[in-house]
Protein chains: 2
Amino acid sequence: MTPKSTGSRAELRANQTAAIKVVARRLIADQGVADLSLREVSREMGMVSSALYRYFATRDELLTALIFDAYSELGAVVEKAESKIARGDTRARWRAACAAVRKWATSHPHEYALLYGTPVPGYLAPNVTIAAATRVPGVLGRILSDDVELHPRRRLVDKKAAVDVRPFLQVDALTPSMPNVAPEHFVRALMAWTNLFGTVSFELFGHYVGSVTSYRQFFDRVVEELADFAGLA
Amino acid sequence: MTPKSTGSRAELRANQTAAIKVVARRLIADQGVADLSLREVSREMGMVSSALYRYFATRDELLTALIFDAYSELGAVVEKAESKIARGDTRARWRAACAAVRKWATSHPHEYALLYGTPVPGYLAPNVTIAAATRVPGVLGRILSDDVELHPRRRLVDKKAAVDVRPFLQVDALTPSMPNVAPEHFVRALMAWTNLFGTVSFELFGHYVGSVTSYRQFFDRVVEELADFAGLA
DNA sequence: TCACTTTGGAGAGCACTGCTCTCGATTTTG
DNA sequence: CAAAATCGAGAGCAGTGCTCTCCAAAGTGA
C-alpha cells in the first residue's frame with residue numbers, strides 16, 4: 001500500500017487506527033463478534049494482516065477498543081435523549097432514557113451483544129472501559145436523584161424495602177451517582193437498571209419468543225412499571 | 001481406536017455420543033464455549049477429529065445438544081429444589097427456586113453463559129430446546145399461580161398495572177404456565193423472571209463490579225423485592 | 001546536511017481451527 | 001453368505017491469530 005497523501009506521522013497513525021476500528025465495527029455489525037477476523041479487516045483495508053499488529057497488539061485489544069467505543073456511543077446517545085426533556089419531568093426523562101437504550105440496542109444488536117452478552121473469558125475491563133460503561137446507569141441514577149430532589153414526598157412506604165444495604169452494597173461508590181437517593185432505595189435503583197437491560201437482552205437474545213408479540217409495547221409497559229417500582233413521580 | 005468391549009451398534013453409538021458430550025461439557029466448564037475445539041474433544045477421547053463428525057455433523061450441532069442438556073439440568077435442579085417446599089408456602093418456594101438458579105449459575109458459569117449469554121449468530125433454537133428452556137419460567141409461573149389459588153386476596157391495587165396485555169403478550173401461550181394468574185399480572189410475572197436472570201447475568205458478567213460487595217446478600221434482597229413485586233403472599 | 005533511529009507495511013511461516021473426502025476394517029442385514 | 005451400512009484413520013483444504021524477518025520511508029540530532 002502506498003503511503004497516504006500527507007500528514008504527520010502521529011496523524012497518520014491516528015487515522016489508520018480509527019480506520020481499522022471503523023472497518024471492524026462494520027464487520028461486527030454485519031456478522032457478530034464471533035466471526036470478526038483480523039485478516040478480514042486487513043483485507044478490507046488493502047493491507048496485509050501482519051501490518052495490523054502495528055496498531056493493535058492482539059485481537060482482544062482491538063475488541064477492547066471497540067467495546068469502549070460502543071459503551072461511549074450508547075452512553076452519549078442516552079445522555080442526549082434524556083437531556084432534551086425538561087429537568088422536572090423525571091418520568092419523561094426516564095422514558096426517554098429507557099427508549100434510547102432499546103433503540104440503540106435494536107439497531108446495533110451485535111454491538112449490544114458485545115457489551116451485554118457473554119464476556120470474553122478471562123477478560124477484565126480496564127478502568128477507562130468501566131467509566132464508559134457507567135454512563136447509562138449514571139443517567140438513570142441522576143433521574144432518580146432529581147426526582148427525589150424535585151418531588152419530595154414519602155417514598156417506599158413498604159417497610160420491607162427499608163433495609164440496611166451497607167452489608168452488601170458499595171454505598172460510597174453509588175452515592176455520587178444519586179446523591180439525593182437514600183441508600184435504602186439503592187436496591188430498587190439497581191433492580192430497575194438490571195431489569196431494563198435484562199428486558200432488552202431477553203428480547204434480543206430470543207428468550208421472549210412465544211411470549212411477547214409486540215416488543216415495543218411490552219417494553220413501554222415495563223418501563224412504566226420500573227418507574228413506579230423505583231418510586232418516580 | 002479398537003472397538004469398545006461389547007454391545008449392540010446402537011448402544012455403542014449412544015455411549016460414544018454421550019461420552020463426547022461429557023468431554024465437551026468439561027472443556028466448556030474449564031475454559032468457556034469460545035475455546036471449545038472439536039479437535040481437542042477428539043484428542044481427549046483418543047480418536048481422530050474426523051471421526052467425531054460421525055456423531056455431530058458440525059460444531060454448532062454439538063453445541064445445540066449441550067445447550068439442551070444444560071437447560072434440562074438447570075430446569076431439573078430448580079424443579080427439585082422448589083418441590084421440596086410445602087406447596088402452600090409460596091414465598092419459600094419462590095426463594096428456593098431463585099436460589100437454585102443462582103447456585104447453578106455460579107457453579108456452572110460457562111454453561112450459564114452458554115444459555116443466557118450471547119447467542120450464536122443466526123442460531124435458532126429447535127423446538128425441543130425451547131421446551132427445555134421453558135422449565136424454569138414454568139416453575140416460577142406455577143408458584144405465582146399457586147399463590148393466587150391458595151392465598152386469594154386483592155392483588156396489584158395499582159390501577160396502572162391493570163393494563164390490557166393482549167396487544168403485546170401471547171396470552172394463550174402464557175396462561176397454561178400460570179392458569180390462576182390474571183393476564184393483567186403477566187407483565188409483572190415476566191419482569192420478575194427477567195429480573196432474576198438479569199441479576200444473575202449482571203453478577204456473572206461483571207456489571208455489578210464496584211457496586212455490590214456481597215452478591216449473595218444482594219441477591220436475596222432482590223428475590224424478596226421480586227416476590228413482593230409479583231404479588232406473592 | 002547527513003548519519004542514525006524509528007516506524008510500519010510486506011511476506012513467509014507456525015500452530016491451530018472446522019470440515020471434507022477417501023479408504024478399509026468391522027458389523028449388521030436380507 | 002453376500003451385500004450394505006457403519007465408523008475410525010488419515011490426508012488435505014481453507015481459514016484463523018500471531019511471530020518473525022526484511023526493507024523502504026519518515027523523522028531526528030549533531
# chains A, B, ... in the order shown; residues from 1 in each chain; ligands from 1
>>> closest_atom_pairs(of="chain B", to="chain A", cutoff="7 Å", atoms="only C-alpha atoms", output="Markdown table")
| residue | atom | partner | partner_atom | distance |
| --- | --- | --- | --- | --- |
| B:Gly32 | CA | A:Pro121 | CA | 6.5 |
| B:Ala113 | CA | A:Thr118 | CA | 5.9 |
| B:Gly117 | CA | A:Thr118 | CA | 4.5 |
| B:Thr118 | CA | A:Gly117 | CA | 4.5 |
| B:Pro119 | CA | A:Phe205 | CA | 6.1 |
| B:Pro121 | CA | A:Gly32 | CA | 6.4 |
| B:Phe168 | CA | A:Ser214 | CA | 4.4 |
| B:Leu169 | CA | A:Val212 | CA | 4.5 |
| B:Gln170 | CA | A:Ser211 | CA | 4.9 |
| B:Ala173 | CA | A:Ser211 | CA | 6.4 |
| B:Leu174 | CA | A:Ser211 | CA | 6.5 |
| B:Thr194 | CA | A:Gly198 | CA | 5.7 |
| B:Asn195 | CA | A:Asn195 | CA | 5.0 |
| B:Gly198 | CA | A:Gly198 | CA | 4.6 |
| B:Thr199 | CA | A:Thr194 | CA | 6.2 |
| B:Phe205 | CA | A:Pro119 | CA | 6.1 |
| B:Gly210 | CA | A:Gln170 | CA | 6.7 |
| B:Ser211 | CA | A:Gln170 | CA | 4.9 |
| B:Val212 | CA | A:Leu169 | CA | 4.5 |
| B:Thr213 | CA | A:Phe168 | CA | 4.9 |
| B:Ser214 | CA | A:Phe168 | CA | 4.4 |
| B:Tyr215 | CA | A:Phe168 | CA | 6.9 |
| B:Gln217 | CA | A:Phe168 | CA | 6.0 |
| B:Phe218 | CA | A:Phe168 | CA | 5.8 |
>>> closest_atom_pairs(of="chain C", to="chain B", cutoff="8 Å", atoms="only C-alpha atoms (C1' of nucleotides)", output="JSON lines")
{"residue": "C:DT17", "atom": "C1'", "partner": "B:Ser37", "partner_atom": "CA", "distance": 7.4}
{"residue": "C:DG18", "atom": "C1'", "partner": "B:Arg59", "partner_atom": "CA", "distance": 7.6}
{"residue": "C:DT27", "atom": "C1'", "partner": "B:Arg9", "partner_atom": "CA", "distance": 7.9}
>>> write_last_selection(atoms="N, CA and C atoms (P, O5', C5', C4', C3', O3' and C1' of nucleotides)", output="compact mmCIF listing (two decimals), in the first residue's frame")
# COMPACT_ATOMS: atom_id res chain seq x y z
P DT C 17 -6.91 -27.04 17.86
O5' DT C 17 -7.93 -26.35 16.85
C5' DT C 17 -8.59 -25.15 17.22
C4' DT C 17 -9.38 -24.63 16.03
C3' DT C 17 -10.36 -25.64 15.46
O3' DT C 17 -11.57 -25.56 16.17
C1' DT C 17 -9.17 -24.48 13.72
P DG C 18 -12.61 -26.79 16.09
O5' DG C 18 -13.35 -26.55 14.69
C5' DG C 18 -14.10 -25.36 14.48
C4' DG C 18 -14.67 -25.39 13.08
C3' DG C 18 -15.57 -26.57 12.79
O3' DG C 18 -16.66 -26.15 11.98
C1' DG C 18 -13.72 -26.62 11.32
P DT C 27 -16.43 -56.57 14.86
O5' DT C 27 -17.92 -56.13 14.50
C5' DT C 27 -18.29 -54.76 14.67
C4' DT C 27 -19.61 -54.51 13.97
C3' DT C 27 -20.71 -55.53 14.28
O3' DT C 27 -21.87 -54.83 14.69
C1' DT C 27 -20.55 -55.18 11.95
>>> closest_residue(among="D:DA30, D:DA3, D:DA25, D:DA11", to="chain B", atoms="only C-alpha atoms (C1' of nucleotides)")
D:DA11
>>> closest_residue(among="C:DA10, C:DA15, C:DA25, C:DA3", to="A:Leu52", atoms="only C-alpha atoms (C1' of nucleotides)")
C:DA10
>>> residues_around(residues="C:DT22", least_positions_apart="4", cutoff="12 Å", atoms="only C-alpha atoms (C1' of nucleotides)", output="list in words")
DA9, DG10, DA11 and DG12 of chain D
>>> select_by_dssp(residues="chain A", states="alpha helix (DSSP H)", output="NGL selection string")
:A and (9-31 or 38-44 or 49-52 or 59-83 or 90-107 or 109-116 or 127-133 or 135-150 or 171-174 or 186-204 or 215-230)
>>> interface_residues(of="chain D", to="chain A", cutoff="10 Å", atoms="only C-alpha atoms (C1' of nucleotides)", output="PyMOL selection string")
chain D and resi 15-19+25-27
>>> atom_distance(atom1="atom CA of A:Pro179", atom2="atom CA of A:Gly231")
15.4 Å
>>> atom_distance(atom1="atom CA of B:Ala230", atom2="atom CA of B:Gly141")
10.2 Å
>>> residues_around(residues="A:Gly88", least_positions_apart="5", cutoff="12 Å", atoms="only C-alpha atoms (C1' of nucleotides)", output="list in words")
Glu82, Ser83, Arg93, Trp94, Arg142, Ile143, Leu144, Ser145, Asp146, Asp147, Val148, Glu149, Leu150, His151, Pro152, Leu232 and Ala233 of chain A
>>> atom_distance(atom1="atom CA of A:Arg87", atom2="atom CA of A:Ala105")
24.9 Å
>>> closest_residue(among="C:DC21, C:DA12, C:DC2, C:DG30", to="D:DC22", atoms="only C-alpha atoms (C1' of nucleotides)")
C:DA12
